[in-house]
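Enquirer: Data file final.txt (compact mmCIF, C-alpha atoms) is appended below.
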# COMPACT_ATOMS: atom_id res chain seq x y z
CA MET A 285 -19.07 -20.05 16.44
CA ASN A 286 -15.66 -19.89 18.10
CA ARG A 287 -13.59 -17.20 16.44
CA LYS A 288 -9.82 -16.83 16.39
CA ILE A 289 -7.15 -14.20 16.15
CA LEU A 290 -5.45 -14.39 12.74
CA ILE A 291 -1.73 -13.60 12.64
CA LEU A 292 -0.20 -13.14 9.20
CA SER A 293 3.55 -13.57 9.44
CA HIS A 294 6.38 -15.59 7.97
CA ALA A 295 8.26 -18.63 9.16
CA LEU A 296 11.81 -17.35 9.60
CA LEU A 297 13.42 -15.06 12.18
CA GLU A 298 10.17 -13.80 13.69
CA THR A 299 11.09 -13.76 17.38
CA SER A 300 8.60 -11.03 18.27
CA THR A 301 5.73 -12.89 16.60
CA ASP A 302 6.77 -16.10 18.37
CA LYS A 303 6.62 -14.30 21.74
CA VAL A 304 3.22 -12.78 21.03
CA CYS A 305 1.92 -16.27 20.21
CA LYS A 306 3.24 -17.56 23.53
CA TRP A 307 1.43 -14.77 25.38
CA LEU A 308 -1.79 -15.57 23.53
CA ASP A 309 -1.39 -19.18 24.65
CA TYR A 310 -0.90 -17.93 28.21
CA TYR A 311 -4.10 -15.83 28.01
CA GLN A 312 -5.91 -18.79 26.41
CA VAL A 313 -6.88 -16.75 23.36
CA PRO A 314 -7.42 -19.00 20.30
CA PHE A 315 -5.36 -17.92 17.30
CA LEU A 316 -4.30 -19.06 13.87
CA ARG A 317 -0.83 -18.15 12.64
CA LEU A 318 -0.69 -18.20 8.86
CA ASN A 319 2.84 -17.83 7.56
CA GLY A 320 3.23 -16.71 3.97
CA GLU A 321 5.12 -19.93 3.27
CA ASP A 322 1.97 -21.89 4.19
CA LEU A 323 0.23 -20.57 1.07
CA PHE A 324 2.56 -22.65 -1.08
CA GLN A 325 0.72 -25.71 0.27
CA LEU A 326 -2.74 -24.24 -0.39
CA ASN A 327 -5.36 -26.74 -1.59
CA GLY A 328 -7.93 -24.23 -2.78
CA LEU A 329 -9.41 -20.88 -1.82
CA ASN A 330 -11.75 -22.50 0.69
CA ALA A 331 -8.66 -23.34 2.77
CA LEU A 332 -8.04 -19.64 3.40
CA PRO A 333 -9.31 -18.17 6.71
CA GLN A 334 -12.96 -17.14 6.40
CA ASN A 335 -14.38 -13.88 7.68
CA GLU A 336 -16.90 -15.49 10.05
CA THR A 337 -14.16 -17.47 11.83
CA ILE A 338 -11.85 -14.49 12.48
CA ALA A 339 -12.18 -12.07 15.40
CA ALA A 340 -9.19 -9.82 14.64
CA VAL A 341 -6.17 -9.74 12.33
CA TRP A 342 -2.57 -8.73 13.00
CA TYR A 343 -0.75 -8.29 9.69
CA ARG A 344 2.89 -8.70 10.63
CA ARG A 345 4.74 -9.94 7.54
CA ARG A 346 4.00 -11.50 4.17
CA VAL A 347 6.72 -14.06 3.39
CA ALA A 348 10.45 -14.44 4.07
CA GLU A 349 11.38 -16.38 0.94
CA PHE A 350 9.61 -18.56 -1.57
CA PRO A 351 9.92 -22.26 -0.67
CA SER A 352 9.08 -23.19 -4.28
CA LYS A 353 12.11 -23.48 -6.54
CA TYR A 354 12.28 -22.76 -10.24
CA SER A 355 15.01 -22.73 -12.87
CA LEU A 356 15.57 -21.53 -16.41
CA LYS A 357 16.83 -23.75 -19.22
CA LYS A 358 19.63 -21.24 -19.64
CA GLU A 359 20.71 -18.89 -16.86
CA HIS A 360 20.02 -15.29 -17.78
CA ALA A 361 20.12 -12.71 -14.98
CA PRO A 362 17.63 -10.15 -16.49
CA THR A 363 15.09 -12.89 -17.28
CA SER A 364 15.54 -14.42 -13.83
CA TYR A 365 14.89 -11.02 -12.23
CA THR A 366 11.79 -10.42 -14.37
CA LEU A 367 10.44 -13.85 -13.49
CA ARG A 368 11.01 -13.27 -9.79
CA ARG A 369 9.17 -9.93 -9.91
CA PHE A 370 6.27 -11.67 -11.69
CA LEU A 371 6.09 -14.40 -9.04
CA ILE A 372 6.17 -11.79 -6.25
CA ASP A 373 3.18 -10.03 -7.87
CA GLU A 374 1.39 -13.36 -8.29
CA PHE A 375 1.91 -14.23 -4.63
CA LYS A 376 0.80 -10.75 -3.54
CA GLY A 377 -2.41 -11.22 -5.53
CA LEU A 378 -3.22 -14.35 -3.51
CA HIS A 379 -2.09 -13.02 -0.13
CA SER A 380 -3.95 -9.71 -0.47
CA LEU A 381 -7.24 -11.50 -1.15
CA LEU A 382 -7.56 -11.67 2.65
CA PHE A 383 -7.65 -7.86 2.76
CA HIS A 384 -10.95 -7.96 0.88
CA THR A 385 -12.59 -11.05 2.36
CA ILE A 386 -12.09 -10.27 6.07
CA ASP A 387 -13.95 -7.22 7.36
CA ARG A 388 -11.70 -4.17 7.41
CA HIS A 389 -12.60 -3.19 10.99
CA LYS A 390 -11.07 -6.45 12.26
CA TRP A 391 -7.55 -5.45 11.23
CA LEU A 392 -5.23 -3.64 13.64
CA ASN A 393 -3.98 -1.64 10.65
CA ASP A 394 -5.83 -0.94 7.42
CA PRO A 395 -4.16 -3.64 5.28
CA VAL A 396 -4.64 -1.91 1.92
CA ILE A 397 -3.00 1.30 3.15
CA GLU A 398 -0.27 -0.71 4.90
CA ASP A 399 0.55 -2.70 1.77
CA ASN A 400 0.66 0.43 -0.39
CA LEU A 401 2.20 2.93 2.01
CA ASN A 402 3.69 5.95 0.23
CA LYS A 403 6.57 7.72 1.99
CA LEU A 404 5.94 11.05 0.27
CA HIS A 405 2.26 10.97 1.22
CA VAL A 406 3.04 10.07 4.85
CA SER A 407 5.62 12.87 5.00
CA MET A 408 3.04 15.36 3.71
CA LEU A 409 0.54 14.02 6.24
CA ALA A 410 3.05 14.59 9.05
CA GLY A 411 3.58 18.17 7.88
CA LYS A 412 -0.19 18.69 7.73
CA HIS A 413 -0.45 17.73 11.40
CA GLY A 414 2.29 20.14 12.46
CA LEU A 415 5.34 17.88 12.61
CA GLN A 416 8.64 19.17 11.28
CA ILE A 417 9.94 17.26 8.27
CA PRO A 418 13.28 17.65 6.48
CA PHE A 419 13.12 19.52 3.17
CA THR A 420 12.23 16.81 0.65
CA GLU A 421 12.38 16.81 -3.15
CA VAL A 422 12.41 14.34 -6.02
CA VAL A 423 15.02 15.10 -8.69
CA THR A 424 16.31 13.57 -11.92
CA THR A 425 19.37 15.69 -12.82
CA LYS A 426 22.73 16.61 -11.39
CA SER A 427 21.98 20.28 -12.08
CA ALA A 428 18.97 20.10 -9.74
CA VAL A 429 21.19 18.63 -7.01
CA VAL A 430 23.80 21.37 -7.57
CA ALA A 431 21.08 24.01 -7.14
CA LEU A 432 19.88 22.41 -3.90
CA LEU A 433 23.44 22.26 -2.53
CA GLU A 434 23.55 26.05 -2.83
CA LYS A 435 20.79 26.13 -0.18
CA TYR A 436 21.77 23.12 1.93
CA THR A 437 25.28 22.11 3.00
CA ALA A 438 24.56 18.45 2.33
CA LEU A 439 21.71 16.25 1.15
CA ILE A 440 20.84 12.61 1.68
CA VAL A 441 19.40 10.25 -0.88
CA LYS A 442 17.06 7.45 0.17
CA PRO A 443 14.50 5.22 -1.58
CA LEU A 444 10.95 6.34 -2.25
CA SER A 445 9.91 2.81 -1.33
CA GLU A 446 11.86 0.48 0.98
CA CYS A 447 15.53 -0.38 1.26
CA ILE A 448 16.38 -3.78 -0.15
CA PHE A 449 19.29 -6.20 -0.39
CA VAL A 450 20.74 -6.46 -3.88
CA GLU A 451 22.25 -9.78 -4.87
CA ASP A 452 24.73 -10.28 -7.72
CA GLU A 453 25.30 -13.41 -9.78
CA SER A 454 27.78 -14.77 -7.24
CA ARG A 455 25.07 -14.49 -4.51
CA THR A 456 26.95 -11.64 -2.80
CA LYS A 457 24.46 -9.34 -1.07
CA PHE A 458 24.71 -5.57 -0.93
CA LYS A 459 22.78 -3.50 1.59
CA MET A 460 20.93 -0.38 0.44
CA LEU A 461 21.36 2.49 2.92
CA THR A 462 20.87 6.23 3.20
CA LYS A 463 23.79 8.04 1.56
CA VAL A 464 25.08 11.63 1.84
CA ILE A 465 25.48 13.89 -1.20
CA SER A 466 27.85 16.83 -0.90
CA ALA A 467 29.80 19.06 -3.27
CA SER A 468 32.80 16.76 -2.83
CA ASN A 469 31.17 13.64 -4.28
CA LEU A 470 29.07 15.19 -7.06
CA LYS A 471 31.56 13.88 -9.62
CA LEU A 472 30.21 10.38 -8.98
CA MET A 473 26.73 11.41 -10.14
CA PRO A 474 25.54 11.13 -13.77
CA ASP A 475 23.91 14.14 -15.45
CA GLN A 476 20.55 12.36 -15.70
CA PHE A 477 19.21 9.57 -13.48
CA PHE A 478 16.11 7.76 -12.27
CA PRO A 479 13.71 9.90 -10.16
CA SER A 480 15.29 9.95 -6.71
CA MET A 481 14.22 11.35 -3.35
CA VAL A 482 16.65 13.73 -1.67
CA GLN A 483 16.33 15.43 1.71
CA GLU A 484 18.32 18.04 3.57
CA LYS A 485 20.83 16.41 5.89
CA ILE A 486 19.89 17.14 9.50
CA GLU A 487 22.81 17.41 11.92
CA LYS A 488 21.39 15.08 14.52
CA LYS A 489 21.90 14.89 18.24
CA TYR A 490 20.28 11.45 18.37
CA GLU A 491 17.51 9.42 16.76
CA VAL A 492 14.25 8.17 18.26
CA ARG A 493 12.42 4.95 17.39
CA ALA A 494 8.88 5.07 18.79
CA PHE A 495 6.56 2.08 18.72
CA TYR A 496 2.90 3.08 18.58
CA LEU A 497 0.43 0.65 20.10
CA ASP A 498 -3.27 1.35 20.56
CA GLY A 499 -2.81 5.09 21.12
CA ASN A 500 0.31 4.86 23.29
CA PHE A 501 3.98 5.45 22.46
CA TYR A 502 6.95 3.40 23.64
CA SER A 503 10.08 5.26 22.59
CA MET A 504 13.82 4.68 22.56
CA ALA A 505 16.66 7.14 21.93
CA ILE A 506 19.44 5.83 19.68
CA PHE A 507 22.81 7.54 20.01
CA SER A 508 24.06 6.77 16.52
CA GLN A 509 25.81 10.01 15.65
CA ASN A 510 29.15 9.22 17.32
CA ASN A 511 29.77 6.05 15.32
CA LYS A 512 31.20 6.39 11.81
CA LYS A 513 29.22 3.37 10.58
CA THR A 514 25.84 4.52 11.89
CA LYS A 515 26.01 8.32 11.86
CA ASP A 516 24.15 8.56 8.53
CA ASP A 517 21.93 5.48 8.94
CA PHE A 518 21.69 3.51 12.20
CA ARG A 519 20.58 0.45 10.19
CA ASN A 520 24.22 0.07 9.13
CA TYR A 521 24.62 -1.78 12.42
CA ASP A 522 27.97 -1.97 14.15
CA GLU A 523 28.03 -5.39 15.78
CA GLN A 524 31.38 -4.70 17.46
CA ARG A 525 30.39 -1.37 18.95
CA PRO A 526 26.58 -1.17 19.15
CA ASN A 527 24.85 2.17 19.55
CA ARG A 528 23.78 3.13 23.06
CA THR A 529 19.99 2.98 23.41
CA VAL A 530 17.83 4.17 26.32
CA PRO A 531 14.10 4.48 27.12
CA TYR A 532 12.82 7.87 26.03
CA GLN A 533 9.77 10.06 26.60
CA LEU A 534 8.64 12.12 23.63
CA PRO A 535 7.13 15.55 24.36
CA ALA A 536 3.33 15.42 24.71
CA ASP A 537 2.74 17.74 21.75
CA VAL A 538 4.91 15.57 19.47
CA GLU A 539 2.99 12.46 20.57
CA ASP A 540 -0.33 14.23 19.91
CA LYS A 541 0.73 15.09 16.36
CA LEU A 542 2.04 11.59 15.70
CA ARG A 543 -1.18 10.11 17.06
CA LYS A 544 -3.19 12.14 14.53
CA VAL A 545 -1.00 10.84 11.70
CA MET A 546 -1.51 7.22 12.78
CA GLN A 547 -5.25 7.73 13.20
CA GLU A 548 -5.57 9.22 9.72
CA LEU A 549 -3.67 6.23 8.32
CA HIS A 550 -5.99 3.88 10.29
CA PHE A 551 -3.00 2.25 11.98
CA GLY A 552 -3.28 0.78 15.46
CA THR A 553 0.40 -0.18 15.53
CA GLY A 554 3.65 0.79 13.87
CA SER A 555 7.21 2.00 14.30
CA ILE A 556 7.97 5.69 13.82
CA ASP A 557 11.43 7.10 13.17
CA LEU A 558 12.33 10.61 14.26
CA MET A 559 15.51 12.65 14.52
CA VAL A 560 16.42 15.30 17.09
CA ASP A 561 18.80 17.99 15.86
CA ARG A 562 21.45 19.81 17.87
CA HIS A 563 18.93 22.49 18.83
CA GLY A 564 16.45 19.97 20.23
CA SER A 565 13.99 20.16 17.32
CA TYR A 566 12.11 16.97 16.37
CA TYR A 567 11.99 15.86 12.72
CA PHE A 568 9.59 13.21 11.50
CA LEU A 569 11.25 10.70 9.14
CA GLU A 570 8.89 7.80 8.40
CA VAL A 571 6.41 5.18 9.58
CA ASN A 572 6.86 1.43 9.28
CA PRO A 573 3.51 -0.24 10.08
CA ALA A 574 5.11 -3.68 10.49
CA GLY A 575 8.21 -2.21 12.15
CA GLN A 576 10.51 -4.15 14.39
CA PHE A 577 9.49 -3.64 17.99
CA GLY A 578 11.77 -6.24 19.59
CA MET A 579 14.65 -3.77 19.22
CA VAL A 580 12.65 -1.33 21.40
CA SER A 581 10.94 -3.82 23.69
CA PHE A 582 13.96 -5.71 25.01
CA PRO A 583 16.51 -2.95 25.80
CA CYS A 584 13.84 -0.64 27.24
CA ASN A 585 11.95 -3.33 29.21
CA TYR A 586 8.65 -2.32 27.61
CA HIS A 587 7.42 -5.95 27.21
CA LEU A 588 5.69 -4.99 23.98
CA GLU A 589 5.04 -8.60 23.00
CA LYS A 590 2.84 -8.95 26.09
CA LYS A 591 1.09 -5.65 25.37
CA MET A 592 0.46 -6.70 21.77
CA ALA A 593 -1.11 -9.96 22.99
CA GLN A 594 -3.27 -7.98 25.42
CA LEU A 595 -4.48 -5.76 22.58
CA LEU A 596 -5.37 -8.83 20.50
CA ARG A 597 -7.13 -10.36 23.51
CA LYS A 598 -9.19 -7.18 23.88
CA ALA A 599 -10.15 -7.28 20.18
CA TYR A 600 -11.06 -10.96 20.51
CA SER A 601 -13.25 -10.35 23.58
CA HIS A 602 -15.02 -7.44 21.88
CA GLU A 603 -15.84 -9.51 18.78
CA GLU A 604 -17.11 -12.39 20.94
CA GLU A 605 -19.41 -10.01 22.86
CA VAL A 606 -20.80 -8.51 19.63
CA HIS A 607 -21.78 -11.97 18.32
CA GLN A 608 -23.21 -13.44 21.51
Could you write out this file's structure as C-alpha cells?
Expert:
Amino acid sequence: MNRKILILSHALLETSTDKVCKWLDYYQVPFLRLNGEDLFQLNGLNALPQNETIAAVWYRRRVAEFPSKYSLKKEHAPTSYTLRRFLIDEFKGLHSLLFHTIDRHKWLNDPVIEDNLNKLHVSMLAGKHGLQIPFTEVVTTKSAVVALLEKYTALIVKPLSECIFVEDESRTKFKMLTKVISASNLKLMPDQFFPSMVQEKIEKKYEVRAFYLDGNFYSMAIFSQNNKKTKDDFRNYDEQRPNRTVPYQLPADVEDKLRKVMQELHFGTGSIDLMVDRHGSYYFLEVNPAGQFGMVSFPCNYHLEKKMAQLLRKAYSHEEEVHQ
C-alpha cells in the first residue's frame, strides 16, 4: 500500500506550510494536506485519514476560523461567547480523534502533549534539566504582588495558556501581550483577581528564538530591547522600525539542556524562546511546538522549509522500508 505524509494545517496565511508542500512535491514524496476547514465538509468518519495509509504526521495547525456561520435569534454577547467556546470544544473533539487513530510513533511531536502543553510544567522541566528560568509564581491578590515587589524591582504578567486576540461588539480587536507590573502602577490592580502568572522582569540584552528540528537548533538573536514598542514583548511588532535580527549560535551546554527538554516532551520540532540578560546569562521562557519558523528561516537563510521536507521524506522512507 502506498502511504502518504499527513500534514494537519489550516487554509489561511500558512506560507511556511505552503513552502514545505512545494519541497515535498520536488522530492516526489506523496502527501495529504488536511486543513482544519476541510473537516466542515466531512461526509463521515471513514473519510478521515486512516492509520494504514499514513507514513508520518506533521501537526502544524488546527483551524484558522470556522467557515460555518451561525446566528442567535437575539444578539447577546455572553451567550454568543459561550456558544463559540462550545463549538471550539466540539471541533477539537473531532480533530483530536486523529491523535488516537494514527500510531503515536508516526507523529513528529506527541500530539496529545502538544495539544495540552502546560507552560508551568514545561518551565519546571527546563529547571529540572539545568536551564535558568525567571522566578515564577501564580498569585490572586494585590498583597501577594506587593510582597513580591519587595524582592524584585519589577514583575511581568503573562497568560498561563496562550495570548489571544480579544474582540468587542464593534469587532475591534485587542492584542494580549506581556505587561510590566511595578510599584508605580499597582493602583490599577484590584485587591483580588483571577489566578495569574507573574515572573521577575529580566533586564535583557537581547532575545533568542531557536527552532528545534530533529535534534538540531537554528537560532536567531532579536534585538528588541532598544525599541519602546518591543522592549517588553517583541510580539508587539513595530512595522515602521522592525527589530534587528541575526543568525545566532547558542552555547553547546544550553543546546544540550534544551535538547533534553524536547526529548522528554517527545517533540521533534518546535520554537523555543530564550532571553539573555545584561550579564550574558540565558533564561528559558517557553516552547511553542507549532511555532513560527518562517520568521527565523528567511532572515537567517536557514531554509527550514526545505529541512522540514527532508525530515518528512526521511520518515516516509523509513515507514516504507518497514512495510516492504
Enquirer: To one decimal in Å, tell me the separation between CA of Pro479 (chain A) and CA of Val560 (chain A).
Expert: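 CA of Val560 (chain A) lies at a distance of 27.9 Å from CA of Pro479 (chain A).
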Enquirer: Taking (11.6, 16.9, 7.6) in the file's coordinates as the center, which residues reach within 7 Å of it, counting all atoms listed in the file, put as a list in words?
Expert: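 Returned residue set, sorted by chain then number, is Gln416, Ile417, Pro418, Phe419, Thr420, Tyr567, Phe568 and Leu569 of chain A.
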Enquirer: Just the residues within 7 Å of Asn527 (chain A), please, counting all atoms listed in the file, with nothing from its chain fewer than 6 positions along; format it as a PDB file with C-alpha atoms, in the frame of the given file.
Expert:
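Output contents, as saved in selection_14.pdb:
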ATOM      1  CA  ILE A 506      19.440   5.830  19.680  1.00  0.00           C
ATOM      2  CA  PHE A 507      22.810   7.540  20.010  1.00  0.00           C
ATOM      3  CA  SER A 508      24.060   6.770  16.520  1.00  0.00           C
TER       4      SER A 508
END
Enquirer: Show me, as a PyMOL selection string, the residues that have an atom within 8 Å of Pro351 (chain A) when counting only C-alpha atoms, minus same-chain residues fewer than 2 positions from it.
Expert: chain A and resi 321+324+349+353
Enquirer: Could you tell me which of A:Leu542, A:Leu433, A:Leu329, A:Leu401 comes closest to Asn572 (chain A) if we count all atoms listed in the file?
Expert: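 For Asn572 (chain A), the nearest of the candidates is A:Leu401.
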Enquirer: Please, what distance in Å, to one decimal, runs between CA of Met559 (chain A) and CA of Val530 (chain A)?
Expert: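 Spanning CA of Met559 (chain A) to CA of Val530 (chain A) is a straight-line distance of 14.7 Å.
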